[in-house]
Amino acid sequence: DENEAWYVNNAKRQLQGIERDEQAYITAAINLSSQTSTQNESTLGAGATPIEAGFPLWGGTGIVKLDPMTISSQETRFDETFAGSRYGQGALCIFDCPLLSIKPKQQGMDIGLAWQNEQWRIDVGTTPLGFLVEDIVWGVNYNGDLGDFGYGVTFNKRPVTSSVLSYAGLEDVFTNQVWGGVRATQLQLSLSHDLGLDWGFWGSTNYQILQGKNVKDNQSYSLMGGSYYRYIRERNTELSLGLNLLHWSYKYNLSEETWGHGGYYSPQNYLGASLPVIFDKRVGHNFIYRLRAGVSWSTTTTDDIAFFPNDPILQGQAEAQTAVTGVVPYFEGDTSSGLSYNLGASFEYRFTPHWFFGGYVNLDRADFYEPNYAQLYFRYYFNPVYSELAFPGKPVVPYASY
């Protein structure tokens, strides 16, 4: 029945995609994010103004991305045993380090060039130029169909943006050497089934090699899958209920900020389940919004790890000073379980056939992890866009998360 909501909505999405892909556009945003880990008293603050321009090229779309960015983290004092010994090689100079305190802050801009069509996306670019550790990053994505199933293959190299250490690198207080700047080289496979009807299913698996400057090499894998049911499926309203299952594992626990660690969360075993609820609404011809909420349960296990996991000489020196400093140079492993929740909302409004304005906010709350993210964006199409908006909105994706 051509009047069925699923048929009409799918047709609208396809028409909208054709209309937008065959013309030039420019979009820009203001990103604000913060992240707090109460377990090790670390914080991450980030601000960015991602800019993206697209234009028809070779039967697809050419894309240029520029992301000016500023990131910062908490102050570390080297007259405090706990915090000072957990930064770089601070455990070797505690109470006698060259600096009394340090508060990392870095600025840079990444550059990305991409081309995409319905099946392929290929990109190459940089991590932010101006950060202590700079790299070339890239990606190749292919999406295809097997009957009613869609599949994807991704091979890429991306920065790990969990902290200033993992993303930009830090300078050691004792030696002035740089460590950090972790990059993940990844192979990912995904499979999905969604015809726009009541039920949808998805699954993915990936394998990563993580490497950084003066950081111990690491490996990880993940298995994820889920399903969702569209409880309400109308032309202008959708309400979906989901169930997701996740498992991932890292070979080493390199979550900390001592010399050789990467500053990214890396448990040896993570099992989780989540129940997301998503409500989409179209109001008139020019306004759409999404409300999202979810509750999750997870259990994690992390192993003990040395302060200096890739340098036995430094580790031996730290252990020899334990009687003097009182610092035992090992991070203790842990097994824990708990509940968490997240809330999110987004909107997009077309106030002329050329100009679109939108926003996005996301909050996560767990026992030791509290990230916040918000974005406001605009998008300008050089030719007018008249098709009805298809939800959800399309925020600007920073190149680091491409």
# chains A, B, ... in the order shown; residues from 1 in each chain; ligands from 1
call {"tool": "residues_around", "arguments": {"residues": "region 183-186 of chain A", "least_positions_apart": "2", "cutoff": "7 Å", "atoms": "only C-alpha atoms", "output": "JSON list (two decimals) with N, CA and C atoms, in the first residue's frame"}}
result
[["chain", "number", "residue", "atom", "x", "y", "z"],
["A", 155, "PHE", "N", 37.72, -0.23, 7.11],
["A", 155, "PHE", "CA", 39.14, -0.36, 7.45],
["A", 155, "PHE", "C", 39.67, 1.06, 7.60],
["A", 156, "ASN", "N", 40.11, 1.41, 8.81],
["A", 156, "ASN", "CA", 40.53, 2.79, 9.02],
["A", 156, "ASN", "C", 41.57, 2.93, 10.11],
["A", 157, "LYS", "N", 42.11, 4.13, 10.21],
["A", 157, "LYS", "CA", 43.01, 4.52, 11.29],
["A", 157, "LYS", "C", 42.48, 5.83, 11.85],
["A", 158, "ARG", "N", 42.15, 5.85, 13.14],
["A", 158, "ARG", "CA", 41.55, 7.00, 13.78],
["A", 158, "ARG", "C", 42.23, 7.30, 15.11],
["A", 159, "PRO", "N", 42.18, 8.57, 15.55],
["A", 159, "PRO", "CA", 42.72, 8.90, 16.87],
["A", 159, "PRO", "C", 41.78, 8.40, 17.97],
["A", 160, "VAL", "N", 42.36, 8.08, 19.12],
["A", 160, "VAL", "CA", 41.58, 7.73, 20.31],
["A", 160, "VAL", "C", 41.41, 9.02, 21.11],
["A", 181, "GLY", "N", 49.24, 10.19, 22.25],
["A", 181, "GLY", "CA", 48.82, 10.24, 20.85],
["A", 181, "GLY", "C", 48.50, 8.86, 20.31],
["A", 188, "GLN", "N", 36.41, -3.46, 10.74],
["A", 188, "GLN", "CA", 35.07, -3.65, 11.31],
["A", 188, "GLN", "C", 34.14, -4.23, 10.26],
["A", 206, "ASN", "N", 34.60, -5.90, 15.55],
["A", 206, "ASN", "CA", 35.81, -5.24, 15.07],
["A", 206, "ASN", "C", 37.04, -5.74, 15.81],
["A", 207, "TYR", "N", 38.17, -5.47, 15.20],
["A", 207, "TYR", "CA", 39.47, -5.77, 15.78],
["A", 207, "TYR", "C", 40.34, -4.54, 15.61],
["A", 208, "GLN", "N", 41.04, -4.15, 16.68],
["A", 208, "GLN", "CA", 41.85, -2.94, 16.65],
["A", 208, "GLN", "C", 43.27, -3.22, 17.12],
["A", 209, "ILE", "N", 44.21, -2.51, 16.50],
["A", 209, "ILE", "CA", 45.58, -2.42, 17.00],
["A", 209, "ILE", "C", 45.78, -0.97, 17.42],
["A", 210, "LEU", "N", 46.16, -0.75, 18.69],
["A", 210, "LEU", "CA", 46.31, 0.59, 19.23],
["A", 210, "LEU", "C", 47.78, 0.87, 19.52],
["A", 211, "GLN", "N", 48.28, 1.96, 18.94],
["A", 211, "GLN", "CA", 49.69, 2.32, 19.09],
["A", 211, "GLN", "C", 49.82, 3.82, 19.33],
["A", 212, "GLY", "N", 50.82, 4.19, 20.12],
["A", 212, "GLY", "CA", 51.07, 5.60, 20.39],
["A", 212, "GLY", "C", 52.55, 5.85, 20.64]]
call {"tool": "residues_around", "arguments": {"residues": "region 375-377 of chain A", "least_positions_apart": "2", "cutoff": "9 Å", "atoms": "only C-alpha atoms", "output": "PyMOL selection string"}}
result
chain A and resi 27-33+356-361+373+379+395-396
call {"tool": "closest_residue", "arguments": {"among": "A:Leu187, A:Leu57, A:Ile232, A:Leu113", "to": "Trp199 (chain A)", "atoms": "only C-alpha atoms"}}
result
A:Ile232
call {"tool": "closest_residue", "arguments": {"among": "A:Pro398, A:Gly147, A:Gly284, A:Pro276", "to": "Tyr229 (chain A)", "atoms": "only C-alpha atoms"}}
result
A:Pro276
call {"tool": "select_by_dssp", "arguments": {"residues": "region 55-111 of chain A", "states": "helix (DSSP H, G or I)", "output": "ChimeraX atom specification"}}
result
/A:81-84,90-92
call {"tool": "write_last_selection", "arguments": {"atoms": "all heavy atoms", "output": "short mmCIF file (atom, residue, chain, number, x, y, z; two decimals), in the first residue's frame"}}
result
data_model
loop_
_atom_site.label_atom_id
_atom_site.label_comp_id
_atom_site.auth_asym_id
_atom_site.auth_seq_id
_atom_site.Cartn_x
_atom_site.Cartn_y
_atom_site.Cartn_z
N THR A 81 51.26 13.35 46.61
CA THR A 81 51.79 12.04 46.26
C THR A 81 50.88 11.29 45.30
O THR A 81 51.33 10.75 44.29
CB THR A 81 52.01 11.19 47.53
OG1 THR A 81 52.84 11.90 48.43
CG2 THR A 81 52.65 9.85 47.17
N PHE A 82 49.58 11.26 45.58
CA PHE A 82 48.68 10.45 44.77
C PHE A 82 48.63 10.95 43.34
O PHE A 82 48.90 10.20 42.40
CB PHE A 82 47.26 10.46 45.38
CG PHE A 82 46.28 9.63 44.61
CD1 PHE A 82 46.15 8.27 44.86
CD2 PHE A 82 45.50 10.19 43.61
CE1 PHE A 82 45.25 7.49 44.15
CE2 PHE A 82 44.61 9.43 42.88
CZ PHE A 82 44.49 8.08 43.15
N ALA A 83 48.30 12.21 43.15
CA ALA A 83 48.15 12.74 41.79
C ALA A 83 49.50 12.86 41.10
O ALA A 83 49.65 12.49 39.92
CB ALA A 83 47.45 14.09 41.84
N GLY A 84 50.49 13.39 41.78
CA GLY A 84 51.79 13.64 41.16
C GLY A 84 52.49 12.39 40.68
O GLY A 84 53.17 12.39 39.65
N GLY A 90 56.33 11.12 37.08
CA GLY A 90 56.27 11.85 38.34
C GLY A 90 56.61 11.01 39.54
O GLY A 90 57.11 11.53 40.55
N ALA A 91 56.36 9.69 39.50
CA ALA A 91 56.68 8.82 40.63
C ALA A 91 58.17 8.79 40.92
O ALA A 91 58.58 8.45 42.04
CB ALA A 91 56.17 7.41 40.36
N LEU A 92 59.00 9.15 39.94
CA LEU A 92 60.45 9.11 40.12
C LEU A 92 61.00 10.43 40.67
O LEU A 92 62.16 10.48 41.08
CB LEU A 92 61.15 8.79 38.80
CG LEU A 92 60.73 7.49 38.12
CD1 LEU A 92 61.46 7.30 36.80
CD2 LEU A 92 60.97 6.30 39.04
#
call {"tool": "closest_residue", "arguments": {"among": "A:Asn310, A:Thr258, A:Gln107, A:Thr237", "to": "Tyr87 (chain A)", "atoms": "only C-alpha atoms"}}
result
A:Thr258
call {"tool": "residues_around", "arguments": {"residues": "Pro384 (chain A)", "least_positions_apart": "5", "cutoff": "10 Å", "atoms": "only C-alpha atoms", "output": "MDAnalysis selection string"}}
result
chainID A and resid 19:20 23 352:355
call {"tool": "write_last_selection", "arguments": {"atoms": "N, CA, C and O atoms", "output": "PDB file, in the first residue's frame"}}
result
ATOM      1  N   GLU A  19      18.289  14.553  -3.539  1.00  0.00           N
ATOM      2  CA  GLU A  19      18.236  16.010  -3.661  1.00  0.00           C
ATOM      3  C   GLU A  19      19.480  16.655  -3.056  1.00  0.00           C
ATOM      4  O   GLU A  19      20.041  17.590  -3.612  1.00  0.00           O
ATOM      5  N   ARG A  20      19.922  16.135  -1.923  1.00  0.00           N
ATOM      6  CA  ARG A  20      21.050  16.754  -1.230  1.00  0.00           C
ATOM      7  C   ARG A  20      22.393  16.323  -1.806  1.00  0.00           C
ATOM      8  O   ARG A  20      23.350  17.090  -1.811  1.00  0.00           O
ATOM      9  N   GLN A  23      24.183  18.324  -4.978  1.00  0.00           N
ATOM     10  CA  GLN A  23      24.472  19.745  -4.938  1.00  0.00           C
ATOM     11  C   GLN A  23      25.539  20.041  -3.883  1.00  0.00           C
ATOM     12  O   GLN A  23      25.894  19.186  -3.079  1.00  0.00           O
ATOM     13  N   THR A 352      14.719  28.446   5.657  1.00  0.00           N
ATOM     14  CA  THR A 352      14.522  28.785   4.247  1.00  0.00           C
ATOM     15  C   THR A 352      14.886  27.533   3.454  1.00  0.00           C
ATOM     16  O   THR A 352      15.490  26.604   4.004  1.00  0.00           O
ATOM     17  N   PRO A 353      14.561  27.447   2.155  1.00  0.00           N
ATOM     18  CA  PRO A 353      14.963  26.267   1.382  1.00  0.00           C
ATOM     19  C   PRO A 353      16.476  26.070   1.297  1.00  0.00           C
ATOM     20  O   PRO A 353      16.928  24.989   0.910  1.00  0.00           O
ATOM     21  N   HIS A 354      17.265  27.091   1.678  1.00  0.00           N
ATOM     22  CA  HIS A 354      18.720  26.977   1.640  1.00  0.00           C
ATOM     23  C   HIS A 354      19.328  26.738   3.022  1.00  0.00           C
ATOM     24  O   HIS A 354      20.378  26.109   3.132  1.00  0.00           O
ATOM     25  N   TRP A 355      18.717  27.251   4.088  1.00  0.00           N
ATOM     26  CA  TRP A 355      19.331  27.289   5.415  1.00  0.00           C
ATOM     27  C   TRP A 355      18.655  26.319   6.372  1.00  0.00           C
ATOM     28  O   TRP A 355      17.429  26.308   6.492  1.00  0.00           O
TER      29      TRP A 355
END
call {"tool": "closest_residue", "arguments": {"among": "A:Ser296, A:Gln106, A:Thr335, A:Ser401", "to": "Gly130 (chain A)", "atoms": "only C-alpha atoms"}}
result
A:Gln106
call {"tool": "closest_residue", "arguments": {"among": "A:Tyr228, A:Tyr330, A:Phe347, A:Tyr250", "to": "Asp280 (chain A)", "atoms": "only C-alpha atoms"}}
result
A:Phe347
call {"tool": "residues_around", "arguments": {"residues": "Lys105 (chain A)", "least_positions_apart": "4", "cutoff": "12 Å", "atoms": "only C-alpha atoms", "output": "PDB file with all heavy atoms, in the first residue's frame"}}
result
ATOM      1  N   THR A  43      39.820  14.656  34.210  1.00  0.00           N
ATOM      2  CA  THR A  43      38.788  15.368  33.465  1.00  0.00           C
ATOM      3  C   THR A  43      39.290  15.629  32.056  1.00  0.00           C
ATOM      4  O   THR A  43      40.489  15.622  31.787  1.00  0.00           O
ATOM      5  CB  THR A  43      38.439  16.719  34.118  1.00  0.00           C
ATOM      6  OG1 THR A  43      39.603  17.565  34.091  1.00  0.00           O
ATOM      7  CG2 THR A  43      37.984  16.538  35.554  1.00  0.00           C
ATOM      8  N   LEU A  44      38.329  15.859  31.161  1.00  0.00           N
ATOM      9  CA  LEU A  44      38.637  16.247  29.792  1.00  0.00           C
ATOM     10  C   LEU A  44      37.639  17.304  29.367  1.00  0.00           C
ATOM     11  O   LEU A  44      36.432  17.104  29.478  1.00  0.00           O
ATOM     12  CB  LEU A  44      38.555  15.043  28.838  1.00  0.00           C
ATOM     13  CG  LEU A  44      38.618  15.362  27.332  1.00  0.00           C
ATOM     14  CD1 LEU A  44      39.989  15.913  26.969  1.00  0.00           C
ATOM     15  CD2 LEU A  44      38.284  14.150  26.499  1.00  0.00           C
ATOM     16  N   GLY A  45      38.143  18.429  28.909  1.00  0.00           N
ATOM     17  CA  GLY A  45      37.289  19.460  28.351  1.00  0.00           C
ATOM     18  C   GLY A  45      37.690  19.700  26.911  1.00  0.00           C
ATOM     19  O   GLY A  45      38.881  19.732  26.586  1.00  0.00           O
ATOM     20  N   ALA A  46      36.712  19.857  26.029  1.00  0.00           N
ATOM     21  CA  ALA A  46      37.033  20.038  24.616  1.00  0.00           C
ATOM     22  C   ALA A  46      36.041  21.003  23.985  1.00  0.00           C
ATOM     23  O   ALA A  46      34.844  20.970  24.286  1.00  0.00           O
ATOM     24  CB  ALA A  46      36.999  18.697  23.875  1.00  0.00           C
ATOM     25  N   GLY A  47      36.560  21.849  23.127  1.00  0.00           N
ATOM     26  CA  GLY A  47      35.730  22.739  22.339  1.00  0.00           C
ATOM     27  C   GLY A  47      36.206  22.722  20.906  1.00  0.00           C
ATOM     28  O   GLY A  47      37.415  22.707  20.647  1.00  0.00           O
ATOM     29  N   MET A  69      40.298  22.963  17.176  1.00  0.00           N
ATOM     30  CA  MET A  69      39.957  22.300  18.436  1.00  0.00           C
ATOM     31  C   MET A  69      40.867  22.758  19.561  1.00  0.00           C
ATOM     32  O   MET A  69      42.061  23.002  19.368  1.00  0.00           O
ATOM     33  CB  MET A  69      40.074  20.789  18.264  1.00  0.00           C
ATOM     34  CG  MET A  69      39.838  19.993  19.540  1.00  0.00           C
ATOM     35  SD  MET A  69      39.592  18.240  19.213  1.00  0.00           S
ATOM     36  CE  MET A  69      38.012  18.294  18.389  1.00  0.00           C
ATOM     37  N   THR A  70      40.284  22.841  20.759  1.00  0.00           N
ATOM     38  CA  THR A  70      41.023  23.098  21.991  1.00  0.00           C
ATOM     39  C   THR A  70      40.642  22.030  23.003  1.00  0.00           C
ATOM     40  O   THR A  70      39.446  21.755  23.195  1.00  0.00           O
ATOM     41  CB  THR A  70      40.677  24.477  22.563  1.00  0.00           C
ATOM     42  OG1 THR A  70      41.019  25.492  21.612  1.00  0.00           O
ATOM     43  CG2 THR A  70      41.457  24.732  23.855  1.00  0.00           C
ATOM     44  N   ILE A  71      41.629  21.402  23.648  1.00  0.00           N
ATOM     45  CA  ILE A  71      41.353  20.401  24.681  1.00  0.00           C
ATOM     46  C   ILE A  71      42.185  20.699  25.912  1.00  0.00           C
ATOM     47  O   ILE A  71      43.285  21.272  25.827  1.00  0.00           O
ATOM     48  CB  ILE A  71      41.626  18.963  24.190  1.00  0.00           C
ATOM     49  CG1 ILE A  71      43.073  18.804  23.728  1.00  0.00           C
ATOM     50  CG2 ILE A  71      40.673  18.573  23.081  1.00  0.00           C
ATOM     51  CD1 ILE A  71      43.423  17.373  23.369  1.00  0.00           C
ATOM     52  N   SER A  72      41.681  20.324  27.066  1.00  0.00           N
ATOM     53  CA  SER A  72      42.383  20.563  28.325  1.00  0.00           C
ATOM     54  C   SER A  72      41.996  19.487  29.323  1.00  0.00           C
ATOM     55  O   SER A  72      40.998  18.782  29.150  1.00  0.00           O
ATOM     56  CB  SER A  72      42.034  21.947  28.885  1.00  0.00           C
ATOM     57  OG  SER A  72      40.643  22.037  29.149  1.00  0.00           O
ATOM     58  N   SER A  73      42.796  19.356  30.385  1.00  0.00           N
ATOM     59  CA  SER A  73      42.492  18.385  31.432  1.00  0.00           C
ATOM     60  C   SER A  73      42.805  18.996  32.789  1.00  0.00           C
ATOM     61  O   SER A  73      43.245  20.139  32.889  1.00  0.00           O
ATOM     62  CB  SER A  73      43.285  17.085  31.223  1.00  0.00           C
ATOM     63  OG  SER A  73      44.669  17.331  31.298  1.00  0.00           O
ATOM     64  N   GLN A  74      42.587  18.215  33.836  1.00  0.00           N
ATOM     65  CA  GLN A  74      42.706  18.691  35.203  1.00  0.00           C
ATOM     66  C   GLN A  74      44.156  19.076  35.552  1.00  0.00           C
ATOM     67  O   GLN A  74      45.109  18.602  34.943  1.00  0.00           O
ATOM     68  CB  GLN A  74      42.216  17.615  36.182  1.00  0.00           C
ATOM     69  CG  GLN A  74      43.196  16.471  36.454  1.00  0.00           C
ATOM     70  CD  GLN A  74      43.288  15.467  35.317  1.00  0.00           C
ATOM     71  OE1 GLN A  74      42.512  15.534  34.362  1.00  0.00           O
ATOM     72  NE2 GLN A  74      44.217  14.540  35.426  1.00  0.00           N
ATOM     73  N   GLU A  75      44.300  19.922  36.567  1.00  0.00           N
ATOM     74  CA  GLU A  75      45.633  20.282  37.064  1.00  0.00           C
ATOM     75  C   GLU A  75      46.198  19.129  37.883  1.00  0.00           C
ATOM     76  O   GLU A  75      45.484  18.483  38.652  1.00  0.00           O
ATOM     77  CB  GLU A  75      45.544  21.533  37.938  1.00  0.00           C
ATOM     78  CG  GLU A  75      46.899  21.967  38.493  1.00  0.00           C
ATOM     79  CD  GLU A  75      46.804  23.190  39.388  1.00  0.00           C
ATOM     80  OE1 GLU A  75      45.706  23.441  39.939  1.00  0.00           O
ATOM     81  OE2 GLU A  75      47.812  23.896  39.542  1.00  0.00           O
ATOM     82  N   GLY A 130      49.308  20.949  15.415  1.00  0.00           N
ATOM     83  CA  GLY A 130      49.512  21.813  16.568  1.00  0.00           C
ATOM     84  C   GLY A 130      49.511  21.037  17.867  1.00  0.00           C
ATOM     85  O   GLY A 130      50.029  21.513  18.880  1.00  0.00           O
ATOM     86  N   PHE A 131      48.936  19.813  17.871  1.00  0.00           N
ATOM     87  CA  PHE A 131      49.031  18.935  19.032  1.00  0.00           C
ATOM     88  C   PHE A 131      50.462  18.406  19.149  1.00  0.00           C
ATOM     89  O   PHE A 131      51.219  18.406  18.181  1.00  0.00           O
ATOM     90  CB  PHE A 131      48.060  17.769  18.900  1.00  0.00           C
ATOM     91  CG  PHE A 131      46.630  18.111  19.231  1.00  0.00           C
ATOM     92  CD1 PHE A 131      46.238  19.400  19.531  1.00  0.00           C
ATOM     93  CD2 PHE A 131      45.658  17.125  19.245  1.00  0.00           C
ATOM     94  CE1 PHE A 131      44.916  19.712  19.830  1.00  0.00           C
ATOM     95  CE2 PHE A 131      44.337  17.408  19.540  1.00  0.00           C
ATOM     96  CZ  PHE A 131      43.964  18.708  19.839  1.00  0.00           C
ATOM     97  N   LEU A 132      50.824  17.931  20.324  1.00  0.00           N
ATOM     98  CA  LEU A 132      52.177  17.410  20.537  1.00  0.00           C
ATOM     99  C   LEU A 132      52.470  16.218  19.635  1.00  0.00           C
ATOM    100  O   LEU A 132      53.595  16.047  19.170  1.00  0.00           O
ATOM    101  CB  LEU A 132      52.359  17.004  22.002  1.00  0.00           C
ATOM    102  CG  LEU A 132      52.497  18.152  23.003  1.00  0.00           C
ATOM    103  CD1 LEU A 132      52.554  17.608  24.424  1.00  0.00           C
ATOM    104  CD2 LEU A 132      53.755  18.980  22.716  1.00  0.00           C
ATOM    105  N   SER A 163      41.066  11.164  26.029  1.00  0.00           N
ATOM    106  CA  SER A 163      41.729  12.075  26.962  1.00  0.00           C
ATOM    107  C   SER A 163      42.735  12.919  26.205  1.00  0.00           C
ATOM    108  O   SER A 163      43.043  12.656  25.035  1.00  0.00           O
ATOM    109  CB  SER A 163      42.434  11.274  28.064  1.00  0.00           C
ATOM    110  OG  SER A 163      43.500  10.510  27.508  1.00  0.00           O
ATOM    111  N   VAL A 164      43.273  13.935  26.875  1.00  0.00           N
ATOM    112  CA  VAL A 164      44.334  14.731  26.271  1.00  0.00           C
ATOM    113  C   VAL A 164      45.526  13.840  25.947  1.00  0.00           C
ATOM    114  O   VAL A 164      46.156  13.972  24.892  1.00  0.00           O
ATOM    115  CB  VAL A 164      44.753  15.886  27.203  1.00  0.00           C
ATOM    116  CG1 VAL A 164      45.916  16.662  26.603  1.00  0.00           C
ATOM    117  CG2 VAL A 164      43.580  16.834  27.452  1.00  0.00           C
ATOM    118  N   LEU A 165      45.847  12.897  26.833  1.00  0.00           N
ATOM    119  CA  LEU A 165      46.970  11.993  26.596  1.00  0.00           C
ATOM    120  C   LEU A 165      46.741  11.137  25.357  1.00  0.00           C
ATOM    121  O   LEU A 165      47.610  11.056  24.483  1.00  0.00           O
ATOM    122  CB  LEU A 165      47.176  11.096  27.817  1.00  0.00           C
ATOM    123  CG  LEU A 165      48.225   9.993  27.685  1.00  0.00           C
ATOM    124  CD1 LEU A 165      49.595  10.574  27.369  1.00  0.00           C
ATOM    125  CD2 LEU A 165      48.279   9.141  28.947  1.00  0.00           C
ATOM    126  N   TYR A 167      44.652  11.537  22.838  1.00  0.00           N
ATOM    127  CA  TYR A 167      44.353  12.282  21.615  1.00  0.00           C
ATOM    128  C   TYR A 167      45.551  13.110  21.157  1.00  0.00           C
ATOM    129  O   TYR A 167      45.983  13.032  20.000  1.00  0.00           O
ATOM    130  CB  TYR A 167      43.157  13.191  21.888  1.00  0.00           C
ATOM    131  CG  TYR A 167      42.495  13.785  20.664  1.00  0.00           C
ATOM    132  CD1 TYR A 167      42.860  13.426  19.364  1.00  0.00           C
ATOM    133  CD2 TYR A 167      41.461  14.698  20.807  1.00  0.00           C
ATOM    134  CE1 TYR A 167      42.230  13.967  18.261  1.00  0.00           C
ATOM    135  CE2 TYR A 167      40.820  15.245  19.710  1.00  0.00           C
ATOM    136  CZ  TYR A 167      41.214  14.889  18.444  1.00  0.00           C
ATOM    137  OH  TYR A 167      40.582  15.436  17.359  1.00  0.00           O
ATOM    138  N   ALA A 168      46.134  13.886  22.074  1.00  0.00           N
ATOM    139  CA  ALA A 168      47.136  14.883  21.692  1.00  0.00           C
ATOM    140  C   ALA A 168      48.539  14.566  22.182  1.00  0.00           C
ATOM    141  O   ALA A 168      49.516  15.070  21.621  1.00  0.00           O
ATOM    142  CB  ALA A 168      46.718  16.251  22.227  1.00  0.00           C
ATOM    143  N   GLY A 169      48.659  13.734  23.237  1.00  0.00           N
ATOM    144  CA  GLY A 169      49.954  13.504  23.853  1.00  0.00           C
ATOM    145  C   GLY A 169      50.213  14.496  24.971  1.00  0.00           C
ATOM    146  O   GLY A 169      49.622  15.581  25.028  1.00  0.00           O
ATOM    147  N   LEU A 170      51.102  14.125  25.874  1.00  0.00           N
ATOM    148  CA  LEU A 170      51.495  14.980  26.992  1.00  0.00           C
ATOM    149  C   LEU A 170      53.009  15.042  27.080  1.00  0.00           C
ATOM    150  O   LEU A 170      53.724  14.182  26.549  1.00  0.00           O
ATOM    151  CB  LEU A 170      50.929  14.439  28.313  1.00  0.00           C
ATOM    152  CG  LEU A 170      49.407  14.524  28.509  1.00  0.00           C
ATOM    153  CD1 LEU A 170      49.011  13.811  29.793  1.00  0.00           C
ATOM    154  CD2 LEU A 170      48.936  15.965  28.526  1.00  0.00           C
ATOM    155  N   GLU A 171      53.492  16.062  27.782  1.00  0.00           N
ATOM    156  CA  GLU A 171      54.937  16.234  27.998  1.00  0.00           C
ATOM    157  C   GLU A 171      55.269  15.831  29.420  1.00  0.00           C
ATOM    158  O   GLU A 171      54.647  16.313  30.378  1.00  0.00           O
ATOM    159  CB  GLU A 171      55.334  17.685  27.731  1.00  0.00           C
ATOM    160  CG  GLU A 171      56.838  17.907  27.704  1.00  0.00           C
ATOM    161  CD  GLU A 171      57.198  19.322  27.279  1.00  0.00           C
ATOM    162  OE1 GLU A 171      56.415  20.247  27.582  1.00  0.00           O
ATOM    163  OE2 GLU A 171      58.260  19.508  26.654  1.00  0.00           O
TER     164      GLU A 171
END
call {"tool": "select_by_dssp", "arguments": {"residues": "region 40-196 of chain A", "states": "strand (DSSP E or B)", "output": "count of residues only"}}
result
94
call {"tool": "residues_around", "arguments": {"residues": "Ala114 (chain A)", "least_positions_apart": "3", "cutoff": "10 Å", "atoms": "only C-alpha atoms", "output": "JSON, numbers by chain"}}
result
{"A": [54, 61, 62, 63, 64, 65, 121, 122, 123, 124, 125, 138, 139, 140]}
call {"tool": "closest_residue", "arguments": {"among": "A:Pro56, A:Gly272, A:Gly150, A:Pro68", "to": "Ser190 (chain A)", "atoms": "only C-alpha atoms"}}
result
A:Gly150
call {"tool": "residues_around", "arguments": {"residues": "Trp297 (chain A)", "least_positions_apart": "4", "cutoff": "6 Å", "atoms": "only C-alpha atoms", "output": "list in words"}}
result
Gly272, Ala273, Gly338 and Leu339 of chain A
call {"tool": "atom_distance", "arguments": {"atom1": "CA of Tyr252 (chain A)", "atom2": "CA of Thr302 (chain A)"}}
result
8.5 Å
call {"tool": "atom_distance", "arguments": {"atom1": "CA of Asn10 (chain A)", "atom2": "CA of Ser346 (chain A)"}}
result
20.6 Å
